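Structure record follows, encoded as C-alpha cells.
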Amino acid sequence: IFFMGAAGALMIACTPPPATSRIPSTEIPQPNPPLVLPPFQMDTSRSIDRVPPFQQTPLIAWGPVPDGVAHPERVRTYDLQHQVTTVRFDWSRQAVVGTTTLTIEGLPDAKPLSNIVIDAGDMTFRSVASGTSPLKYDYDGRALTVHLATPLRSAQKTSITIDYDGANRSKGAYFRPAKHIVWTQGETEDNHYWVPTYDFPNDKTTWEFYIWTAKDERALSNGRLAGSRAAGDSIEWHWILDKPASTYLMTAVVGKYTVLQDKPWRNVPIGYWTYPDSVDAAWRGFAKTPQAVDVFSRKTGYPYAWNKYDQIVIPEFQYGGMEKVTATSQNDAEILHPAWSEPQANSVGLMAHELGHQWYGDLLTTRDWADVWLNEGFATFMEQIFREEDLGVDEGAIDRLGAQEQALEADRRARRPIVWGKWVNDPIEVFFTGHIYQKGAT
C-alpha cells in the first residue's frame, strides 16, 4: 500500500500478527437474563393462492390537478397557403401599420365557404378587398369575418387584402425605448395582434415580409433576405420564407443592429444580430452554434432543413428565447455576458434548446397546444444531447437527472400528464409547470 504524503511516497509493509496473539472469539454473548422466545406457530392465513390485500404507500404526495377547462383543437375551415405583408412600426403612436394579402384555398371535399374568419386583435381597418373589389366584413375586436362575393369551393383559391392599423399594442408587437427596438412575439396566439392571419398551429403556410425601417436600422424576419431598397429616409427589407411553417413563428425585429457572420454549415449561413457595443459578448454567447447544427443534423439523421439560421438579441424579452423559424429571438440578458462571468454565465443550453426547435417545433409542429410537449420536450432533449456531446457523458447525465427531479417536483405541485389541453386564460399556462419541458424530455 502506498500513501502519498508531504515527504513523498512511503512503503508500509503489513506483517502477520505475532505468534502470541489470540484469534478473536466468535461466540455470541448471551443476554442476561436469558431471552425466552414464544413457541413457533405457522401463519396458515397466507398461502400461494391467498395473499394479503394490496395497500398503496405513495412515495410522493401528488399535488392537485391544475385549474382550467378543456380547449379542443381548432377546426380549420380553409387552408392559408401564402401571405405577403408590408409593415412599418410607428414610434410616435406605438402603432403597427400594414397591408397584408392572404391567399386562401378551400379544403378538400368541403362545402362552399361564404365567410372567411381571420384572426385580428384590436385593430382598425382602412379597407378589405379581393383584388380591386371591396368586401364586406364584420369585426368583434378579435376576429375579422370577411364575406366573400362568391362562395369558395373545395380546391378553389381566393385572395384577401387587408389594410390595417393597430396602436398601443399590449400583445404581439413590443416597442422598447431604451434600445429603440421593436420586436414581435407570437407563441402561443399573439401574432394576430400585429398582423391579421390564421393564428393556430394546425396550419402551415409560406410568407413574405416587406419591413420598413429608418435608414440607420435593420429588419430581421424569417427565411432569406430577398433584397432591400432605399426610399427617401427609409429602407424596405424583403424577407421570404419559402418552406411552410405555422404562423405563430412569424417574426419582425427592427433596430440598430450589427450582424456577425459565423462560418456556414454546409453552405447554410449562420448569423448573430447584436448591439454595436456587444460584439465580443455575442461571439461568446453564440460561439458553439455551428457545432450544434452539425451535432443535431447527425444525431437526427435529418440535415438542417432551412436556408439560413439567424439569432438576434432583444431587450426585455419575457422568455429566455423563442424559436422563430430561421430567426430565433434570444433574451439579451441570457446571451450577452462578460468573459469574467464564465463558466457560471453560460448560454450554451439556451442556444442549443432554441436550435433544437428548428427540428422539433418548426419543422415538426404540434397541431394543438395540448401536445406542445412534442415541441418543448424534444427541444429540451436535444439540449441534453448537445451537452453530452460537448462536455461528456457525465454532464449529459446530470442534465437529465435535473430534468427528472424538476418533473417530479412539478407533480408535487400539481400532477398532470404531459398531454394537457386545459387552461384558464391562455394556452401559455400549460408550458411552464415543469411538465412539458422536463417530463417531455425524459
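Here's how to read the names in the C-alpha cells: chain A, B, ... by the order shown, residue numbers from 1 in each chain, ligand numbers from 1 in the order shown.
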
**Prompt:** Per DSSP on the backbone, what are the helix (DSSP H, G or I) residues of range 155-298 of chain A, as a list in words?
**Reply:**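 Those residues are Asn191, His192, Tyr193, Thr247, Tyr248, Leu249, Val279, Asp280, Ala281, Ala282, Trp283, Arg284, Gly285, Phe286, Thr289, Pro290, Gln291, Ala292, Val293, Asp294, Val295, Phe296, Ser297 and Arg298 of chain A.
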
**Asked** Can you tell me, as a VMD selection string, what residues are no more than 6 Å from Ile181 in chain A when counting only C-alpha atoms, ignoring any on the same chain fewer than 2 positions away?
**Response** chain A and resid 176 179 254 to 255

**Item:** Nearest to Arg298 in chain A by atom-to-atom distance, counting only C-alpha atoms, from A:Asp122, A:Asp426, A:Glu389, A:Glu395
**Value:**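 Checking each candidate against Arg298 in chain A, we get A:Glu389 as the closest.
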
Sorted by chain and rising residue number, which residues of range 154-259 of chain A lie within 10 Å of range 75-97 of chain A, and what are their closest atom pairs and distances in Å to one decimal, counting only C-alpha atoms, as a tab-separated table?
residue	atom	partner	partner_atom	distance
A:Ser154	CA	A:Tyr78	CA	9.0
A:Ala155	CA	A:Asp79	CA	9.3
A:Lys157	CA	A:Gln81	CA	9.1
A:Ser159	CA	A:Gln83	CA	9.3
A:Ile160	CA	A:Gln83	CA	9.7
A:Thr161	CA	A:Val84	CA	9.3
A:Ile162	CA	A:Thr85	CA	9.4
A:Asp163	CA	A:Val97	CA	8.1
A:Tyr164	CA	A:Val97	CA	6.1
A:Asp165	CA	A:Val97	CA	4.6
A:Gly166	CA	A:Val96	CA	5.1
A:Ala167	CA	A:Ala95	CA	3.8
A:Asn168	CA	A:Gln94	CA	5.3
A:Arg169	CA	A:Ala95	CA	6.8
A:Gly172	CA	A:Val96	CA	9.8
A:Ala173	CA	A:Val96	CA	7.7
A:Tyr174	CA	A:Gln94	CA	8.5
A:Phe175	CA	A:Gln94	CA	6.7
A:Arg176	CA	A:Trp91	CA	9.8
A:Pro177	CA	A:Trp91	CA	9.0
A:His180	CA	A:Trp91	CA	9.0
A:Ile181	CA	A:Trp91	CA	9.9
A:Val182	CA	A:Phe89	CA	7.6
A:Trp183	CA	A:Phe89	CA	9.9
A:Tyr193	CA	A:Val96	CA	9.1
A:Trp194	CA	A:Val96	CA	6.2
A:Val195	CA	A:Thr85	CA	7.9
A:Pro196	CA	A:Thr85	CA	9.4
A:Thr197	CA	A:Gln83	CA	8.2
A:Tyr198	CA	A:Leu80	CA	7.2
A:Phe200	CA	A:Arg76	CA	9.3
A:Asn202	CA	A:Arg76	CA	8.0
A:Asp203	CA	A:Asp79	CA	7.0
A:Lys204	CA	A:Leu80	CA	7.3
A:Thr205	CA	A:Gln81	CA	4.9
A:Thr206	CA	A:His82	CA	4.9
A:Trp207	CA	A:Gln83	CA	4.6
A:Glu208	CA	A:Val84	CA	4.7
A:Phe209	CA	A:Thr85	CA	5.0
A:Tyr210	CA	A:Thr86	CA	4.5
A:Ile211	CA	A:Val87	CA	5.2
A:Trp212	CA	A:Arg88	CA	5.0
A:Thr213	CA	A:Arg88	CA	6.9
A:Ala214	CA	A:Arg88	CA	9.8
A:Glu236	CA	A:Thr86	CA	9.1
A:Trp237	CA	A:Thr86	CA	9.6
A:His238	CA	A:Thr86	CA	9.0
A:Trp239	CA	A:Val84	CA	9.9
A:Ile240	CA	A:Val84	CA	9.0
A:Leu241	CA	A:His82	CA	9.8
A:Asp242	CA	A:His82	CA	9.2
A:Pro244	CA	A:Gln81	CA	8.5
A:Thr247	CA	A:Leu80	CA	9.7
A:Ala252	CA	A:Val87	CA	9.3
A:Val254	CA	A:Phe89	CA	8.5

**Request:** Please identify all polymer residues within 10 Å of Ser278 in chain A, counting only C-alpha atoms, omitting same-chain residues fewer than 6 positions from it, and present them as a PyMOL selection string.
**Result:** chain A and resi 257-258+332+336-338

Would you mind exporting N, CA, C and O atoms of the selected residues as a PDB file, in the first residue's frame?
ATOM      1  N   TYR A 257     -28.735  47.293 -35.387  1.00  0.00           N
ATOM      2  CA  TYR A 257     -28.021  46.048 -35.108  1.00  0.00           C
ATOM      3  C   TYR A 257     -26.733  45.951 -35.915  1.00  0.00           C
ATOM      4  O   TYR A 257     -26.633  46.457 -37.039  1.00  0.00           O
ATOM      5  N   THR A 258     -25.771  45.254 -35.317  1.00  0.00           N
ATOM      6  CA  THR A 258     -24.583  44.794 -36.032  1.00  0.00           C
ATOM      7  C   THR A 258     -24.776  43.307 -36.300  1.00  0.00           C
ATOM      8  O   THR A 258     -25.155  42.552 -35.397  1.00  0.00           O
ATOM      9  N   ASP A 332     -31.494  39.215 -24.406  1.00  0.00           N
ATOM     10  CA  ASP A 332     -30.119  39.712 -24.348  1.00  0.00           C
ATOM     11  C   ASP A 332     -29.466  39.453 -22.989  1.00  0.00           C
ATOM     12  O   ASP A 332     -28.257  39.204 -22.906  1.00  0.00           O
ATOM     13  N   LEU A 336     -25.803  37.714 -23.598  1.00  0.00           N
ATOM     14  CA  LEU A 336     -24.669  38.632 -23.513  1.00  0.00           C
ATOM     15  C   LEU A 336     -24.129  38.663 -22.087  1.00  0.00           C
ATOM     16  O   LEU A 336     -24.854  39.006 -21.147  1.00  0.00           O
ATOM     17  N   HIS A 337     -22.854  38.326 -21.930  1.00  0.00           N
ATOM     18  CA  HIS A 337     -22.237  38.312 -20.613  1.00  0.00           C
ATOM     19  C   HIS A 337     -20.738  38.570 -20.756  1.00  0.00           C
ATOM     20  O   HIS A 337     -20.135  38.222 -21.774  1.00  0.00           O
ATOM     21  N   PRO A 338     -20.110  39.161 -19.740  1.00  0.00           N
ATOM     22  CA  PRO A 338     -18.665  39.422 -19.812  1.00  0.00           C
ATOM     23  C   PRO A 338     -17.861  38.146 -19.666  1.00  0.00           C
ATOM     24  O   PRO A 338     -18.333  37.151 -19.114  1.00  0.00           O
TER      25      PRO A 338
END

**Asked** Interatomic distance between CA of Lys299 in chain A and CA of Glu405 in chain A?
**Response**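 So the two atoms, CA of Lys299 in chain A and CA of Glu405 in chain A, lie 25.5 Å apart.
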
Rows by chain and residue number, range 270-386 of chain A within 10 Å of range 408-419 of chain A, shortest pair, only C-alpha atoms, as a tab-separated table:
residue	atom	partner	partner_atom	distance
A:Asp368	CA	A:Val419	CA	10.0
A:Trp369	CA	A:Val419	CA	8.8
A:Ala370	CA	A:Val419	CA	5.4
A:Asp371	CA	A:Val419	CA	5.2
A:Val372	CA	A:Val419	CA	7.7
A:Trp373	CA	A:Ile418	CA	6.5
A:Leu374	CA	A:Val419	CA	9.2
A:Gly377	CA	A:Ile418	CA	9.2

**Prompt:** Closest to Asp310 in chain A among A:Glu105, A:Glu323, A:Glu73, A:Asp67, using only C-alpha atoms?
**Reply:**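 Of A:Glu105, A:Glu323, A:Glu73, A:Asp67, the one nearest Asp310 in chain A is A:Glu323, counting only C-alpha atoms.
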
**Message:** Using only C-alpha atoms for the distances, tell me which of A:Phe296, A:Trp359, A:Trp423, A:Tyr319 is nearest to Gln185 in chain A.
**Reply:**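 Using only C-alpha atoms, Gln185 in chain A sits closest to A:Tyr319.
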
**Item:** Close residues, range 356-358 of chain A itself excluded, 9 Å, only C-alpha atoms, min 3 positions apart in chain, as a VMD selection string
**Value:** chain A and resid 292 to 293 296 304 to 306 322 to 326 351 to 353 361 to 364 375 to 376 378 to 383

Residues from last step as file, C-alpha atoms, as a compact mmCIF listing (two decimals), in the first residue's frame:
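Writing the result to result08.txt gives the following:
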# COMPACT_ATOMS: atom_id res chain seq x y z
CA ALA A 292 -24.62 22.33 -32.52
CA VAL A 293 -26.11 22.48 -36.03
CA PHE A 296 -28.23 17.82 -34.39
CA TYR A 304 -30.78 21.32 -41.01
CA ALA A 305 -33.79 21.99 -43.23
CA TRP A 306 -33.91 25.78 -43.58
CA MET A 322 -38.14 31.85 -28.93
CA GLU A 323 -37.59 29.61 -31.92
CA LYS A 324 -38.88 31.91 -34.68
CA VAL A 325 -38.18 29.73 -37.69
CA THR A 326 -34.70 30.59 -39.10
CA MET A 351 -28.69 28.33 -27.71
CA ALA A 352 -28.97 24.54 -28.12
CA HIS A 353 -32.60 24.43 -26.96
CA GLY A 361 -41.38 22.74 -33.18
CA ASP A 362 -40.66 24.44 -36.51
CA LEU A 363 -40.18 21.57 -38.97
CA LEU A 364 -42.25 19.09 -36.93
CA ASN A 375 -42.09 20.88 -29.36
CA GLU A 376 -40.65 21.66 -25.95
CA PHE A 378 -37.87 17.23 -27.72
CA ALA A 379 -36.07 20.60 -27.77
CA THR A 380 -35.09 20.01 -24.13
CA PHE A 381 -33.94 16.52 -25.07
CA MET A 382 -31.81 17.98 -27.87
CA GLU A 383 -30.33 20.44 -25.40

**Message:** Show me, as a list in words, the residues that have an atom within 12 Å of Tyr139 in chain A when counting only C-alpha atoms, minus same-chain residues fewer than 4 positions from it.
**Reply:**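 That gives Ile116, Val117, Ile118, Asp119, Ala120, Gly121, Asp122, Met123, Thr124, Phe125, Val128, Ala143, Leu144, Thr145, Val146, His147 and Pro196 of chain A.
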
**Fill in**
Using only C-alpha atoms, the residue out of A:Ala245, A:Ile312, A:Gly186, A:Gln156 with shortest distance to Ala219 in chain A is A:Ile312

Extract the full set of strand (DSSP E) residues from range 236-354 of chain A according to DSSP on the backbone, and format it as a PDB file with N, CA and C atoms, in the first residue's frame.
ATOM      1  N   GLU A 236     -36.612  49.500 -47.194  1.00  0.00           N
ATOM      2  CA  GLU A 236     -37.557  48.385 -47.218  1.00  0.00           C
ATOM      3  C   GLU A 236     -36.764  47.077 -47.315  1.00  0.00           C
ATOM      4  N   TRP A 237     -36.986  46.187 -46.348  1.00  0.00           N
ATOM      5  CA  TRP A 237     -36.312  44.888 -46.301  1.00  0.00           C
ATOM      6  C   TRP A 237     -37.309  43.805 -46.683  1.00  0.00           C
ATOM      7  N   HIS A 238     -36.927  42.968 -47.654  1.00  0.00           N
ATOM      8  CA  HIS A 238     -37.830  41.939 -48.164  1.00  0.00           C
ATOM      9  C   HIS A 238     -37.334  40.551 -47.756  1.00  0.00           C
ATOM     10  N   TRP A 239     -38.091  39.899 -46.881  1.00  0.00           N
ATOM     11  CA  TRP A 239     -37.759  38.563 -46.400  1.00  0.00           C
ATOM     12  C   TRP A 239     -38.774  37.560 -46.909  1.00  0.00           C
ATOM     13  N   ILE A 240     -38.300  36.371 -47.312  1.00  0.00           N
ATOM     14  CA  ILE A 240     -39.173  35.329 -47.857  1.00  0.00           C
ATOM     15  C   ILE A 240     -38.915  34.007 -47.142  1.00  0.00           C
ATOM     16  N   LEU A 241     -39.963  33.421 -46.579  1.00  0.00           N
ATOM     17  CA  LEU A 241     -39.906  32.050 -46.065  1.00  0.00           C
ATOM     18  C   LEU A 241     -40.615  31.167 -47.078  1.00  0.00           C
ATOM     19  N   ASP A 242     -39.856  30.323 -47.782  1.00  0.00           N
ATOM     20  CA  ASP A 242     -40.455  29.528 -48.856  1.00  0.00           C
ATOM     21  C   ASP A 242     -40.679  28.071 -48.483  1.00  0.00           C
ATOM     22  N   LYS A 243     -40.461  27.716 -47.207  1.00  0.00           N
ATOM     23  CA  LYS A 243     -40.831  26.391 -46.713  1.00  0.00           C
ATOM     24  C   LYS A 243     -41.928  26.592 -45.676  1.00  0.00           C
ATOM     25  N   PRO A 244     -43.061  25.866 -45.766  1.00  0.00           N
ATOM     26  CA  PRO A 244     -44.209  26.147 -44.887  1.00  0.00           C
ATOM     27  C   PRO A 244     -43.892  25.972 -43.409  1.00  0.00           C
ATOM     28  N   ALA A 245     -44.476  26.862 -42.608  1.00  0.00           N
ATOM     29  CA  ALA A 245     -44.362  26.801 -41.153  1.00  0.00           C
ATOM     30  C   ALA A 245     -45.645  27.366 -40.552  1.00  0.00           C
ATOM     31  N   VAL A 253     -38.148  42.022 -36.272  1.00  0.00           N
ATOM     32  CA  VAL A 253     -37.372  42.786 -35.290  1.00  0.00           C
ATOM     33  C   VAL A 253     -36.706  43.941 -36.022  1.00  0.00           C
ATOM     34  N   VAL A 254     -36.857  45.140 -35.475  1.00  0.00           N
ATOM     35  CA  VAL A 254     -36.309  46.347 -36.103  1.00  0.00           C
ATOM     36  C   VAL A 254     -35.457  47.092 -35.085  1.00  0.00           C
ATOM     37  N   GLY A 255     -34.236  47.472 -35.463  1.00  0.00           N
ATOM     38  CA  GLY A 255     -33.373  48.235 -34.580  1.00  0.00           C
ATOM     39  C   GLY A 255     -32.007  48.463 -35.189  1.00  0.00           C
ATOM     40  N   THR A 258     -25.771  45.254 -35.317  1.00  0.00           N
ATOM     41  CA  THR A 258     -24.583  44.794 -36.032  1.00  0.00           C
ATOM     42  C   THR A 258     -24.776  43.307 -36.300  1.00  0.00           C
ATOM     43  N   VAL A 259     -24.522  42.885 -37.529  1.00  0.00           N
ATOM     44  CA  VAL A 259     -24.742  41.493 -37.916  1.00  0.00           C
ATOM     45  C   VAL A 259     -23.393  40.793 -38.067  1.00  0.00           C
ATOM     46  N   LEU A 260     -23.194  39.733 -37.303  1.00  0.00           N
ATOM     47  CA  LEU A 260     -21.961  38.943 -37.342  1.00  0.00           C
ATOM     48  C   LEU A 260     -22.229  37.659 -38.119  1.00  0.00           C
ATOM     49  N   GLN A 261     -21.338  37.310 -39.020  1.00  0.00           N
ATOM     50  CA  GLN A 261     -21.487  36.082 -39.796  1.00  0.00           C
ATOM     51  C   GLN A 261     -20.460  35.065 -39.333  1.00  0.00           C
ATOM     52  N   ASP A 262     -20.943  33.939 -38.821  1.00  0.00           N
ATOM     53  CA  ASP A 262     -20.073  32.838 -38.423  1.00  0.00           C
ATOM     54  C   ASP A 262     -19.809  31.958 -39.638  1.00  0.00           C
ATOM     55  N   LYS A 263     -18.969  30.953 -39.462  1.00  0.00           N
ATOM     56  CA  LYS A 263     -18.712  30.035 -40.567  1.00  0.00           C
ATOM     57  C   LYS A 263     -20.000  29.287 -40.886  1.00  0.00           C
ATOM     58  N   PRO A 264     -20.336  29.153 -42.156  1.00  0.00           N
ATOM     59  CA  PRO A 264     -21.587  28.464 -42.518  1.00  0.00           C
ATOM     60  C   PRO A 264     -21.500  26.967 -42.251  1.00  0.00           C
ATOM     61  N   TRP A 265     -22.667  26.350 -42.158  1.00  0.00           N
ATOM     62  CA  TRP A 265     -22.725  24.893 -42.055  1.00  0.00           C
ATOM     63  C   TRP A 265     -23.249  24.364 -43.383  1.00  0.00           C
ATOM     64  N   VAL A 268     -25.040  26.746 -45.372  1.00  0.00           N
ATOM     65  CA  VAL A 268     -26.148  27.407 -44.686  1.00  0.00           C
ATOM     66  C   VAL A 268     -25.575  28.570 -43.875  1.00  0.00           C
ATOM     67  N   PRO A 269     -25.924  29.828 -44.199  1.00  0.00           N
ATOM     68  CA  PRO A 269     -25.382  30.967 -43.447  1.00  0.00           C
ATOM     69  C   PRO A 269     -25.848  30.939 -41.988  1.00  0.00           C
ATOM     70  N   ILE A 270     -24.949  31.300 -41.087  1.00  0.00           N
ATOM     71  CA  ILE A 270     -25.241  31.381 -39.661  1.00  0.00           C
ATOM     72  C   ILE A 270     -24.857  32.770 -39.194  1.00  0.00           C
ATOM     73  N   GLY A 271     -25.852  33.543 -38.701  1.00  0.00           N
ATOM     74  CA  GLY A 271     -25.613  34.930 -38.330  1.00  0.00           C
ATOM     75  C   GLY A 271     -26.069  35.253 -36.925  1.00  0.00           C
ATOM     76  N   TYR A 272     -25.426  36.249 -36.329  1.00  0.00           N
ATOM     77  CA  TYR A 272     -25.756  36.706 -34.980  1.00  0.00           C
ATOM     78  C   TYR A 272     -26.007  38.212 -35.028  1.00  0.00           C
ATOM     79  N   TRP A 273     -27.183  38.635 -34.639  1.00  0.00           N
ATOM     80  CA  TRP A 273     -27.563  40.041 -34.635  1.00  0.00           C
ATOM     81  C   TRP A 273     -27.424  40.557 -33.208  1.00  0.00           C
ATOM     82  N   THR A 274     -26.594  41.588 -33.020  1.00  0.00           N
ATOM     83  CA  THR A 274     -26.332  42.095 -31.680  1.00  0.00           C
ATOM     84  C   THR A 274     -26.209  43.606 -31.705  1.00  0.00           C
ATOM     85  N   TYR A 309     -29.726  30.406 -40.672  1.00  0.00           N
ATOM     86  CA  TYR A 309     -30.089  30.441 -39.258  1.00  0.00           C
ATOM     87  C   TYR A 309     -29.502  31.685 -38.622  1.00  0.00           C
ATOM     88  N   ASP A 310     -30.398  32.572 -38.207  1.00  0.00           N
ATOM     89  CA  ASP A 310     -30.008  33.786 -37.502  1.00  0.00           C
ATOM     90  C   ASP A 310     -30.479  33.706 -36.056  1.00  0.00           C
ATOM     91  N   GLN A 311     -29.708  34.330 -35.167  1.00  0.00           N
ATOM     92  CA  GLN A 311     -30.131  34.546 -33.792  1.00  0.00           C
ATOM     93  C   GLN A 311     -29.964  36.022 -33.494  1.00  0.00           C
ATOM     94  N   ILE A 312     -30.963  36.607 -32.830  1.00  0.00           N
ATOM     95  CA  ILE A 312     -30.942  38.033 -32.561  1.00  0.00           C
ATOM     96  C   ILE A 312     -31.221  38.279 -31.086  1.00  0.00           C
ATOM     97  N   VAL A 313     -30.418  39.142 -30.461  1.00  0.00           N
ATOM     98  CA  VAL A 313     -30.666  39.503 -29.068  1.00  0.00           C
ATOM     99  C   VAL A 313     -31.680  40.639 -29.028  1.00  0.00           C
ATOM    100  N   ILE A 314     -32.627  40.532 -28.090  1.00  0.00           N
ATOM    101  CA  ILE A 314     -33.659  41.565 -27.959  1.00  0.00           C
ATOM    102  C   ILE A 314     -33.786  41.961 -26.488  1.00  0.00           C
ATOM    103  N   GLY A 321     -35.811  32.556 -24.733  1.00  0.00           N
ATOM    104  CA  GLY A 321     -35.644  32.612 -26.181  1.00  0.00           C
ATOM    105  C   GLY A 321     -36.900  32.112 -26.852  1.00  0.00           C
ATOM    106  N   MET A 322     -36.989  32.310 -28.155  1.00  0.00           N
ATOM    107  CA  MET A 322     -38.144  31.853 -28.926  1.00  0.00           C
ATOM    108  C   MET A 322     -37.691  31.465 -30.317  1.00  0.00           C
ATOM    109  N   ALA A 327     -34.970  32.449 -37.480  1.00  0.00           N
ATOM    110  CA  ALA A 327     -34.637  33.773 -36.938  1.00  0.00           C
ATOM    111  C   ALA A 327     -34.983  33.808 -35.451  1.00  0.00           C
ATOM    112  N   THR A 328     -34.247  33.048 -34.659  1.00  0.00           N
ATOM    113  CA  THR A 328     -34.539  32.901 -33.236  1.00  0.00           C
ATOM    114  C   THR A 328     -34.309  34.202 -32.475  1.00  0.00           C
ATOM    115  N   SER A 329     -35.280  34.563 -31.635  1.00  0.00           N
ATOM    116  CA  SER A 329     -35.119  35.685 -30.714  1.00  0.00           C
ATOM    117  C   SER A 329     -34.528  35.175 -29.407  1.00  0.00           C
ATOM    118  N   GLN A 330     -33.501  35.865 -28.903  1.00  0.00           N
ATOM    119  CA  GLN A 330     -32.864  35.485 -27.648  1.00  0.00           C
ATOM    120  C   GLN A 330     -32.866  36.676 -26.693  1.00  0.00           C
ATOM    121  N   ASN A 331     -33.184  36.391 -25.442  1.00  0.00           N
ATOM    122  CA  ASN A 331     -33.155  37.416 -24.405  1.00  0.00           C
ATOM    123  C   ASN A 331     -31.718  37.917 -24.232  1.00  0.00           C
TER     124      ASN A 331
END

**Prompt:** What's the 7 Å shell around Leu152 in chain A, counting only C-alpha atoms, without same-chain residues fewer than 2 positions away, as a ChimeraX atom specification?
**Reply:** /A:106,112-114,150,154,156
